[in-house]
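Trainee: Following this message is one structure expressed as structure tokens.
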Amino acid sequence: MLAQERVPVLIVGAGGAGLSLCLLLRQQGIASILVEQRSEISWYPRARNLNFRTLEVFRGLGLGAGVIAAGTHVSRMFRKETLVAAEREEFPAVEAAVQILDDPEAVSPKPPMWYCPQSRLEPLLLAAAKQRGVDVRYDTELVSFTQDVQGVTATVRNLQSGLYLLFVRIIWPHATVHTVT
Ligand SMILES: Cc1cc2nc3c(=O)[nH]c(=O)nc-3n(C[C@H](O)[C@H](O)[C@H](O)COP(=O)(O)OP(=O)(O)OC[C@H]3O[C@@H](n4cnc5c(N)ncnc54)[C@H](O)[C@@H]3O)c2cc1C
């Protein structure tokens with residue numbers, strides 16, 4: 001018999017999306033379990049630049065200052081014929097593009113783009129999630145799930161111990177099932 005746990009929401013994947021989602025749900029008072037097959041946060045920068053709307057979401061989570069502190073201005077970008085070519089043409093900086101607006105502050109109080117790669121963002125979001133009581137489980141893989149009128153049943157495996165767990169969520173506890181003939 002597999003161990004069973006009931007949870008309102010099971011989130012699979014602790015990348016930027018999963019970590020942000022568990023924090024946003026937590027903010028609304030909705031409990032979740034976040035499972036991630038990796039053993040730890042991503043050490044690769046991958047998604048690097050956050051736009052101002054994303055920064056506003058983090059500000060809404062009370063993480064705005066932390067994200068700004070963890071990041072820096074977006075790098076300057078150049079176009080060259082070859083990597084060793086002496087001549088180069090600079091692409092306009094995103095900051096400069098926004099400054100041509102009459103009132104950039106009206107668009108957002110946040111910088112238009114901020115360099116905060118996944119390798120810096122994930123630890124920050126993970127720490128906030130743990131601190132706010134989200135159940136985050138690394139080394140845990142979603143193996144399969146099924147869905148029926150009762151809800152979703154997901155099977156996850158702890159990659160260290162090899163143990164399987166069953167997560168069950170009743171989606172529609174009060175729903176009536178209508179049969180159309
Ligand atoms: C090499 C590379 C370079 C990139 N460079 C850039 C860039 O310069 N700029 C940019 O904006 N974007 C870049 N990206 C894209 C960026 O990484 C993604 O857009 C971003 O990570 C998506 O976030 P996410 O949270 O949706 O997914 P991810 O960060 O990929 O997170 C998904 C997570 O789900 C986990 N997972 C998957 N299946 C399971 C399972 N069955 N059970 C448990 N866990 C599971 C994975 O391990 C992963 O950690 C790059 C991607 C790669 C691969």
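As shown in the structure tokens, the chain order sets the letters A, B, ...; within each chain, residues go from 1, and ligands are also counted from 1 in the order they appear.
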Taking the DSSP assignment computed from this structure's backbone, write out as JSON, numbers by chain all residues of stretch 15-134 of chain A that belong to strand (DSSP E).
Mentor: {"A": [32, 33, 34, 35, 49, 50, 51, 78, 79, 89, 90, 113, 114, 115]}
Trainee: Set the cut-off to 8 Å, count only C-alpha atoms and all ligand atoms, and list whatever residues fall near ligand 1 as an MDAnalysis selection string.
Mentor: chainID A and resid 12:19 35:38 41:42 44:50 118 139:144 156
Trainee: Need the shell around A:Tyr115: protein/DNA/RNA residues with any atom at most 10 Å away, counting only C-alpha atoms. Skip same-chain ones fewer than 6 positions apart. Format as a PyMOL selection string?
Mentor: chain A and resi 47-51+67-68+70-75+121
Trainee: Here is a test: counting only C-alpha atoms, which residue of A:Tyr138, A:Asp148, A:Gly62, A:Pro92 is nearest to A:Leu24?
Mentor: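 Closest candidate: A:Gly62.
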Trainee: Using only C-alpha atoms for the distances, tell me which of A:Val57, A:Ala65, A:Leu10, A:Met77 is nearest to A:Thr155.
Mentor: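 Closest to A:Thr155 of all the choices is A:Leu10.
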Trainee: Quick check for you: according to DSSP on this backbone, which residues of chain A are classed as alpha helix (DSSP H)? Reply as a PDB file with C-alpha atoms, in the first residue's frame.
Mentor:
```pdb
ATOM      1  CA  GLY A  16      10.975  30.106 -11.769  1.00  0.00           C
ATOM      2  CA  ALA A  17       7.374  29.224 -12.591  1.00  0.00           C
ATOM      3  CA  GLY A  18       6.854  26.585  -9.895  1.00  0.00           C
ATOM      4  CA  LEU A  19       8.596  28.558  -7.151  1.00  0.00           C
ATOM      5  CA  SER A  20       6.645  31.721  -8.015  1.00  0.00           C
ATOM      6  CA  LEU A  21       3.377  29.792  -8.190  1.00  0.00           C
ATOM      7  CA  CYS A  22       3.758  28.233  -4.738  1.00  0.00           C
ATOM      8  CA  LEU A  23       4.456  31.681  -3.265  1.00  0.00           C
ATOM      9  CA  LEU A  24       1.463  33.243  -5.055  1.00  0.00           C
ATOM     10  CA  LEU A  25      -0.815  30.435  -3.847  1.00  0.00           C
ATOM     11  CA  ARG A  26       0.561  30.785  -0.335  1.00  0.00           C
ATOM     12  CA  GLN A  27      -0.250  34.482  -0.460  1.00  0.00           C
ATOM     13  CA  PHE A  52       9.190  45.097 -15.145  1.00  0.00           C
ATOM     14  CA  ARG A  53       5.907  43.195 -14.969  1.00  0.00           C
ATOM     15  CA  THR A  54       7.728  40.225 -13.445  1.00  0.00           C
ATOM     16  CA  LEU A  55       9.478  42.575 -11.013  1.00  0.00           C
ATOM     17  CA  GLU A  56       6.061  43.907 -10.013  1.00  0.00           C
ATOM     18  CA  VAL A  57       4.865  40.364  -9.250  1.00  0.00           C
ATOM     19  CA  PHE A  58       7.871  39.861  -6.979  1.00  0.00           C
ATOM     20  CA  ARG A  59       7.245  43.217  -5.347  1.00  0.00           C
ATOM     21  CA  GLY A  60       3.684  42.045  -4.648  1.00  0.00           C
ATOM     22  CA  GLY A  64      11.106  43.240  -4.823  1.00  0.00           C
ATOM     23  CA  ALA A  65      14.099  44.570  -2.889  1.00  0.00           C
ATOM     24  CA  GLY A  66      15.655  41.120  -2.659  1.00  0.00           C
ATOM     25  CA  VAL A  67      15.412  40.531  -6.406  1.00  0.00           C
ATOM     26  CA  ILE A  68      16.896  43.954  -7.141  1.00  0.00           C
ATOM     27  CA  ALA A  69      19.742  43.276  -4.681  1.00  0.00           C
ATOM     28  CA  ALA A  70      20.415  39.839  -6.194  1.00  0.00           C
ATOM     29  CA  VAL A  94      16.333  48.811 -22.829  1.00  0.00           C
ATOM     30  CA  GLU A  95      16.635  51.580 -20.224  1.00  0.00           C
ATOM     31  CA  ALA A  96      17.361  54.093 -22.998  1.00  0.00           C
ATOM     32  CA  ALA A  97      14.370  52.902 -25.008  1.00  0.00           C
ATOM     33  CA  VAL A  98      12.034  53.578 -22.071  1.00  0.00           C
ATOM     34  CA  GLN A  99      13.552  57.003 -21.399  1.00  0.00           C
ATOM     35  CA  PRO A 104       8.621  56.267 -17.891  1.00  0.00           C
ATOM     36  CA  GLU A 105       7.505  56.146 -14.247  1.00  0.00           C
ATOM     37  CA  ALA A 106       3.916  55.967 -15.480  1.00  0.00           C
ATOM     38  CA  VAL A 107       4.727  52.647 -17.158  1.00  0.00           C
ATOM     39  CA  GLN A 118      17.731  31.713 -12.547  1.00  0.00           C
ATOM     40  CA  SER A 119      20.808  30.679 -10.540  1.00  0.00           C
ATOM     41  CA  ARG A 120      20.313  33.775  -8.353  1.00  0.00           C
ATOM     42  CA  LEU A 121      16.514  33.921  -8.435  1.00  0.00           C
ATOM     43  CA  GLU A 122      15.790  30.303  -7.480  1.00  0.00           C
ATOM     44  CA  PRO A 123      17.654  30.413  -4.118  1.00  0.00           C
ATOM     45  CA  LEU A 124      15.831  33.613  -3.241  1.00  0.00           C
ATOM     46  CA  LEU A 125      12.391  32.211  -4.112  1.00  0.00           C
ATOM     47  CA  LEU A 126      13.175  28.894  -2.434  1.00  0.00           C
ATOM     48  CA  ALA A 127      14.224  30.601   0.812  1.00  0.00           C
ATOM     49  CA  ALA A 128      11.006  32.670   0.790  1.00  0.00           C
ATOM     50  CA  ALA A 129       8.895  29.565   0.078  1.00  0.00           C
ATOM     51  CA  LYS A 130      10.466  27.626   2.958  1.00  0.00           C
ATOM     52  CA  GLN A 131      10.262  30.600   5.278  1.00  0.00           C
TER      53      GLN A 131
END
```
Trainee: Take atom CA of A:Gly133 and atom CA of A:Lys110 and report the distance between them in Å, one decimal.
Mentor: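 Here the two named atoms are 28.1 Å from each other.
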Trainee: If I take atom CA of A:Ile33 and atom CA of A:Arg6, how far is one from the other in Å, to one decimal?
Mentor: 9.8 Å
